[in-house]
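*Asks:* Got a structure for you, written out below as structure tokens; questions coming shortly.
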2 protein chains.
Amino acid sequence: MPAPSLPAFAPPRRILLGPGPSDVHPRVLAAMARPTIGHLDPDFSDMLEQLKALLRYAFQTDNALTFALSAPGMIGMETCFVNLIEPGDKVIVCSNGVFGARMAEIVRRCGGELVLLETEWGKPVDAQQLELTLRANADTRVVAFVHAETSTGVRSDARVLAEVAHRQGALVICDTVTSLGSIPLYVDDWQLDAVYSASQKGLSCTPGLSPVTFSAAAVERIRQRKQPVQSWFMDINLILSYWGDGVSGVKRTYHHTAPINALYGLHEALRMLAEEGLQASWQRHQACHEQLVAGLERLGLHLLVASAARLPQLNTVLVPDSVDEARLRHDLLSQHGIEIGAGLGVLAGKTLRIGLMGGSATPQNVAACLHGLGAALAAQGWAPASC
Amino acid sequence: MPAPSLPAFAPPRRILLGPGPSDVHPRVLAAMARPTIGHLDPDFSDMLEQLKALLRYAFQTDNALTFALSAPGMIGMETCFVNLIEPGDKVIVCSNGVFGARMAEIVRRCGGELVLLETEWGKPVDAQQLELTLRANADTRVVAFVHAETSTGVRSDARVLAEVAHRQGALVICDTVTSLGSIPLYVDDWQLDAVYSASQKGLSCTPGLSPVTFSAAAVERIRQRKQPVQSWFMDINLILSYWGDGVSGVKRTYHHTAPINALYGLHEALRMLAEEGLQASWQRHQACHEQLVAGLERLGLHLLVASAARLPQLNTVLVPDSVDEARLRHDLLSQHGIEIGAGLGVLAGKTLRIGLMGGSATPQNVAACLHGLGAALAAQGWAPASC
């Protein structure tokens, strides 16, 4: 079989304003290119301890069990469910978009008894409805919801939902894939028990890692399991042999080979977040969002989500009937080098998703996006009524 | 909660001669540091098609379904099992080391009926024993074995074992984590059905990706499943929506966000393998192994594995009783910047593992390793009888 002869890959210049990945800073890219060392090297071990401290800051938690899983955010989701749920456990999944629906699918696959609380796409999860559902299902072991729904751009009130769940004695699994680093998130204050995120959105690292954090109650639930976790790779009890549980000291033993260079990158991305400060990062996202919304209004475009529940970092724009959304995205990418996202699920073809996440959230990028969008709309004959 | 102030991570210089990761070439590190683009970007899509072609060459296969999973090699192992096995399926696991034992554990966790064929650590799997075991278990659906056992340094005869398994109508899962790129491996000629590997050994890429390839028979088995795969993340039917099945053309839809920059790195590492050529790479590994063994003999050290079954890329060295192996490794790392591996499982404390994998397999590295080992042994008063 002959050896293929192929050129080196030269990625084109892009401004990443989709639902993730976001633009990765040259500092993070440079960190990833540092020489690989062993995953059991004492120097690497020290770096991992720093990474845990940096993640605790990003999550605003003192949880001992805070680290990064060696795979994308979807592994974070599945890891939380397969560890906390045993076959037959009742789980309420609050679903208001694609990622809530995925949670439900995972509950089914790990033999949980699923209670699905569905909310219309584009609306936040309703705490009163959750309370009623919990009362009708008093034996619920876990309540799960998405803090920031990437498919719709909706923020649900994680603090209130967690409070309702705890009042009935359930643990809380919270998806913070699109919220971490971009909007206020206080894992300890809000008492979220099992929380997962991803590296490539608000943290502006490359994709491939899933930061997670677990409360003492979640750890206790995992320790008291009667049956082994169905996944070997995702079994927290095994993973801890490498990452350490933050209590018993660190003596790393081999579970799998950690993605060394990706972790260099995450360490640097988290350092940048700590340098800027969480509050400053949240404010920057909000300011860019307001700049974007004002510009979209000038273009005669409207957002799917009511202003009170909007995510600044993920803006779902309704596409006018006369406009071909696929062509719009194609023109933006090919003529302006700007990537924005398509609608997902029931919103496919009807919406665009403009991400302003992490390092992508700059006034310059917002201006470039509005400029490109205006040109691409004009090419399709779109003239806002207000002009 | 205050923001931690931590320095940038500066990895020390190391020569990586453990069981992986191996040394990563600056070309691969530079590729990983190229700007991140979107995982649905048409340019990225073209790169993925090249990556598939390069992987087919490395695996020596025409399998349409050949790609890289977005996580370390252990996800490759679990993915093969959870897709090919349904609860109640009989599976023969040939175990002669740590990784065979892990296969057995995963079979249990996915509800397979496990038949464990154990072989003494340090010996290859015996084809005659497999034949007898298969005759006693005629309803076996899958036979699984490790081509190159990283815990012992043993090569089993994958071609013959697969032939025996197929004669009884079983499919074959083969672990090539430590063999791919380092020793002859012919997926099509040997008729291996589900094969997984890892990026950080013979391919000399950074850790974090798991190349896999599936035969038409394996794909058919997966398509005919009666029950859903227990893992959502590892469900091949879902992953294919992004990677494509190589038959129906590529229209990528979102499953998870691919680890963009890690895939840039793998693309470059595979280009380097194709430039050198598989045969040349295999010969280089063999030559370095012979250089190492000759030097070890001069130091009065012996290998665990009989010469016929030795892996050139993973050399398990018996540690003399009078020598403290942990101190030996520590001295090598701290005084010579050379990482070698500890023994695993029953071989812990009694053996060292010297890896000569991918880019680490150079005459210079072998010479440096022998020099350092000689000095570290002398520091413990070891004087070979033959000196």
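We name chains A, B, ... following the order of the structure tokens; residues begin at 1 in each chain, and ligands are numbered from 1 as shown.
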Would you pick out the contacts of Phe81 (chain B) at 9 Å or less, using only C-alpha atoms, so that residues sharing its chain but fewer than 4 positions from it are not included, and give the list as an MDAnalysis selection string?

*Replies:* chainID B and resid 76:77 85:86 103 106:107 110 173 194

*Asks:* I'd like the contact shell of region 93-96 of chain A - 8 Å cut-off, only C-alpha atoms, skipping same-chain residues fewer than 2 positions apart - returned as an MDAnalysis selection string.

*Replies:* chainID A and resid 91 98:101 103:104 114:125 130 143:146 149

*Asks:* Report the residues of region 239-378 of chain B whose backbone DSSP state falls under helix (DSSP H, G or I), written as a PDB file with C-alpha atoms, in the first residue's frame.

*Replies:*
```pdb
ATOM      1  CA  ILE B 239     -20.006   9.632  15.826  1.00  0.00           C
ATOM      2  CA  LEU B 240     -20.379   8.807  12.137  1.00  0.00           C
ATOM      3  CA  SER B 241     -22.685  11.768  11.642  1.00  0.00           C
ATOM      4  CA  TYR B 242     -19.544  13.879  11.980  1.00  0.00           C
ATOM      5  CA  TRP B 243     -16.739  11.744  10.575  1.00  0.00           C
ATOM      6  CA  ILE B 260      -9.104  20.790  16.335  1.00  0.00           C
ATOM      7  CA  ASN B 261      -5.473  21.505  17.206  1.00  0.00           C
ATOM      8  CA  ALA B 262      -4.749  17.981  18.397  1.00  0.00           C
ATOM      9  CA  LEU B 263      -5.963  16.769  14.998  1.00  0.00           C
ATOM     10  CA  TYR B 264      -3.617  19.252  13.256  1.00  0.00           C
ATOM     11  CA  GLY B 265      -0.825  17.569  15.208  1.00  0.00           C
ATOM     12  CA  LEU B 266      -1.894  14.038  14.293  1.00  0.00           C
ATOM     13  CA  HIS B 267      -2.129  15.035  10.633  1.00  0.00           C
ATOM     14  CA  GLU B 268       1.469  16.257  10.726  1.00  0.00           C
ATOM     15  CA  ALA B 269       2.719  13.204  12.669  1.00  0.00           C
ATOM     16  CA  LEU B 270       1.107  10.896  10.103  1.00  0.00           C
ATOM     17  CA  ARG B 271       2.626  12.911   7.257  1.00  0.00           C
ATOM     18  CA  MET B 272       6.032  12.339   8.838  1.00  0.00           C
ATOM     19  CA  LEU B 273       5.355   8.611   9.086  1.00  0.00           C
ATOM     20  CA  ALA B 274       4.309   8.525   5.422  1.00  0.00           C
ATOM     21  CA  GLU B 275       7.454  10.446   4.421  1.00  0.00           C
ATOM     22  CA  GLU B 276       9.696   8.005   6.238  1.00  0.00           C
ATOM     23  CA  LEU B 278       6.297   2.261   7.375  1.00  0.00           C
ATOM     24  CA  GLN B 279       9.009  -0.274   6.525  1.00  0.00           C
ATOM     25  CA  ALA B 280      11.762   2.236   7.263  1.00  0.00           C
ATOM     26  CA  SER B 281      10.121   3.129  10.570  1.00  0.00           C
ATOM     27  CA  TRP B 282       9.844  -0.527  11.566  1.00  0.00           C
ATOM     28  CA  GLN B 283      13.524  -1.089  10.666  1.00  0.00           C
ATOM     29  CA  ARG B 284      14.609   1.950  12.657  1.00  0.00           C
ATOM     30  CA  HIS B 285      12.798   0.635  15.743  1.00  0.00           C
ATOM     31  CA  GLN B 286      14.405  -2.794  15.313  1.00  0.00           C
ATOM     32  CA  ALA B 287      17.909  -1.354  14.901  1.00  0.00           C
ATOM     33  CA  CYS B 288      17.559   0.811  18.021  1.00  0.00           C
ATOM     34  CA  HIS B 289      16.280  -2.173  19.964  1.00  0.00           C
ATOM     35  CA  GLU B 290      19.317  -4.247  18.976  1.00  0.00           C
ATOM     36  CA  GLN B 291      21.627  -1.403  19.971  1.00  0.00           C
ATOM     37  CA  LEU B 292      19.876  -1.182  23.336  1.00  0.00           C
ATOM     38  CA  VAL B 293      19.938  -4.910  24.047  1.00  0.00           C
ATOM     39  CA  ALA B 294      23.648  -5.115  23.252  1.00  0.00           C
ATOM     40  CA  GLY B 295      24.303  -2.248  25.653  1.00  0.00           C
ATOM     41  CA  LEU B 296      22.120  -3.717  28.390  1.00  0.00           C
ATOM     42  CA  GLU B 297      24.051  -6.960  28.125  1.00  0.00           C
ATOM     43  CA  ARG B 298      27.296  -5.044  28.600  1.00  0.00           C
ATOM     44  CA  SER B 307      13.899 -12.775  22.136  1.00  0.00           C
ATOM     45  CA  ALA B 308      11.313 -14.229  19.729  1.00  0.00           C
ATOM     46  CA  ALA B 309       8.436 -12.350  21.390  1.00  0.00           C
ATOM     47  CA  GLU B 325      14.502   0.585  40.744  1.00  0.00           C
ATOM     48  CA  ALA B 326      12.654   3.714  41.924  1.00  0.00           C
ATOM     49  CA  ARG B 327      15.969   5.387  42.764  1.00  0.00           C
ATOM     50  CA  LEU B 328      17.348   4.320  39.385  1.00  0.00           C
ATOM     51  CA  ARG B 329      14.465   5.999  37.544  1.00  0.00           C
ATOM     52  CA  HIS B 330      14.701   9.057  39.760  1.00  0.00           C
ATOM     53  CA  ASP B 331      18.424   9.450  39.079  1.00  0.00           C
ATOM     54  CA  LEU B 332      17.942   9.023  35.345  1.00  0.00           C
ATOM     55  CA  LEU B 333      15.258  11.715  35.303  1.00  0.00           C
ATOM     56  CA  SER B 334      16.845  14.241  37.621  1.00  0.00           C
ATOM     57  CA  GLN B 335      20.497  13.855  36.581  1.00  0.00           C
ATOM     58  CA  HIS B 336      20.177  12.889  32.916  1.00  0.00           C
ATOM     59  CA  GLY B 345       1.046  -4.693  38.071  1.00  0.00           C
ATOM     60  CA  VAL B 346       2.872  -7.824  39.209  1.00  0.00           C
ATOM     61  CA  LEU B 347       6.070  -6.486  37.630  1.00  0.00           C
ATOM     62  CA  GLY B 358       8.307   6.775  17.194  1.00  0.00           C
ATOM     63  CA  GLY B 359      10.619   9.761  17.241  1.00  0.00           C
ATOM     64  CA  SER B 360      12.248   8.576  20.464  1.00  0.00           C
ATOM     65  CA  PRO B 363      20.712   5.797  18.079  1.00  0.00           C
ATOM     66  CA  GLN B 364      21.541   8.998  19.991  1.00  0.00           C
ATOM     67  CA  ASN B 365      18.764   8.404  22.509  1.00  0.00           C
ATOM     68  CA  VAL B 366      19.781   4.773  22.993  1.00  0.00           C
ATOM     69  CA  ALA B 367      23.370   5.844  23.638  1.00  0.00           C
ATOM     70  CA  ALA B 368      22.239   8.527  26.105  1.00  0.00           C
ATOM     71  CA  CYS B 369      20.008   6.039  27.904  1.00  0.00           C
ATOM     72  CA  LEU B 370      22.775   3.443  28.238  1.00  0.00           C
ATOM     73  CA  HIS B 371      25.191   6.107  29.454  1.00  0.00           C
ATOM     74  CA  GLY B 372      22.763   7.350  32.101  1.00  0.00           C
ATOM     75  CA  LEU B 373      21.741   3.870  33.150  1.00  0.00           C
ATOM     76  CA  GLY B 374      25.372   2.854  33.575  1.00  0.00           C
ATOM     77  CA  ALA B 375      26.052   5.884  35.794  1.00  0.00           C
ATOM     78  CA  ALA B 376      22.894   5.396  37.857  1.00  0.00           C
ATOM     79  CA  LEU B 377      23.687   1.704  38.371  1.00  0.00           C
ATOM     80  CA  ALA B 378      27.269   2.487  39.356  1.00  0.00           C
TER      81      ALA B 378
END
```

*Asks:* Using only C-alpha atoms, tabulate the residues of chain A lying at most 6 Å from any atom of chain B, each with its closest atom pair and that distance in Å to one decimal, by chain and increasing residue number, as JSON lines.

*Replies:*
```
{"residue": "A:Ala3", "atom": "CA", "partner": "B:Ala274", "partner_atom": "CA", "distance": 5.2}
{"residue": "A:Leu29", "atom": "CA", "partner": "B:Ala33", "partner_atom": "CA", "distance": 4.6}
{"residue": "A:Ala33", "atom": "CA", "partner": "B:Leu29", "partner_atom": "CA", "distance": 4.6}
{"residue": "A:Ala71", "atom": "CA", "partner": "B:Ala71", "partner_atom": "CA", "distance": 5.0}
{"residue": "A:Arg109", "atom": "CA", "partner": "B:Gln230", "partner_atom": "CA", "distance": 5.3}
{"residue": "A:Pro207", "atom": "CA", "partner": "B:Pro259", "partner_atom": "CA", "distance": 4.6}
{"residue": "A:Gly208", "atom": "CA", "partner": "B:Pro259", "partner_atom": "CA", "distance": 4.5}
{"residue": "A:Gln230", "atom": "CA", "partner": "B:Arg109", "partner_atom": "CA", "distance": 5.3}
{"residue": "A:Pro259", "atom": "CA", "partner": "B:Gly208", "partner_atom": "CA", "distance": 4.5}
{"residue": "A:Ala274", "atom": "CA", "partner": "B:Ala3", "partner_atom": "CA", "distance": 5.1}
```

*Asks:* Between CA of Gly202 (chain A) and CA of Asp188 (chain A), what is the distance in Å, rounded to a tenth?

*Replies:*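 Going from CA of Gly202 (chain A) over to CA of Asp188 (chain A) covers 19.4 Å.
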
*Asks:* Can you pull out the residues contacting Leu352 (chain B)? Cut-off 6 Å, using only C-alpha atoms, and skip same-chain residues under 4 positions away; I want them as a list in words.

*Replies:* Thr316, Val317, Gly341, Ala342 and Gly343 of chain B

*Asks:* Keeping only all heavy atoms, write the selected residues as a short mmCIF file (atom, residue, chain, number, x, y, z; two decimals), in the first residue's frame.

*Replies:*
```cif
data_model
loop_
_atom_site.label_atom_id
_atom_site.label_comp_id
_atom_site.auth_asym_id
_atom_site.auth_seq_id
_atom_site.Cartn_x
_atom_site.Cartn_y
_atom_site.Cartn_z
N THR B 316 11.37 -4.53 28.48
CA THR B 316 11.18 -4.72 29.92
C THR B 316 12.45 -5.36 30.51
O THR B 316 12.79 -6.49 30.18
CB THR B 316 9.95 -5.61 30.18
OG1 THR B 316 8.83 -4.99 29.55
CG2 THR B 316 9.68 -5.73 31.67
N VAL B 317 13.10 -4.58 31.34
CA VAL B 317 14.40 -4.95 31.87
C VAL B 317 14.24 -5.46 33.30
O VAL B 317 13.61 -4.79 34.13
CB VAL B 317 15.35 -3.73 31.85
CG1 VAL B 317 16.74 -4.12 32.34
CG2 VAL B 317 15.42 -3.13 30.46
N GLY B 341 10.17 4.00 32.14
CA GLY B 341 8.95 3.62 32.85
C GLY B 341 9.18 2.62 33.95
O GLY B 341 10.14 1.82 33.91
N ALA B 342 8.29 2.64 34.93
CA ALA B 342 8.30 1.65 36.01
C ALA B 342 7.60 0.38 35.52
O ALA B 342 6.90 0.39 34.50
CB ALA B 342 7.58 2.21 37.22
N GLY B 343 7.78 -0.69 36.26
CA GLY B 343 7.01 -1.89 36.00
C GLY B 343 5.55 -1.68 36.40
O GLY B 343 5.25 -0.87 37.27
#
```

*Asks:* Could you check which of B:Leu84, B:Leu180, B:Ala361, B:Leu318 is closest to Arg221 (chain B), using only C-alpha atoms?

*Replies:* B:Leu84

*Asks:* May I ask which of the residues A:Ala162, A:Val177, A:Val195, A:Ile92 is the closest one to Asn137 (chain A), counting only C-alpha atoms?

*Replies:*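 Among the listed residues, A:Ile92 lies closest to Asn137 (chain A).
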
*Asks:* Between CA of Leu192 (chain A) and CA of Cys174 (chain A), what is the distance, to one decimal in Å?

*Replies:* 6.6 Å

*Asks:* With only C-alpha atoms as the counted atoms, please give the residues lying no more than 9 Å from Asn63 (chain B), apart from itself and same-chain residues fewer than 4 positions off, as a PyMOL selection string.

*Replies:* chain B and resi 56+187-188+213-216+246

*Asks:* Which parts of region 98-338 of chain A does DSSP call strand (DSSP E or B) when run on the backbone here, written out as an NGL selection string?

*Replies:* :A and (113-118 or 140-146 or 148-149 or 154-155 or 171-175 or 194-196 or 210-214 or 302-303 or 310-311 or 314-318 or 338)

*Asks:* Considering only C-alpha atoms, can you say which of B:Ala68, B:Lys52, B:Val305, B:Ala127 comes closest to Pro211 (chain B)?

*Replies:*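 Closest to Pro211 (chain B) of all the choices is B:Ala68.
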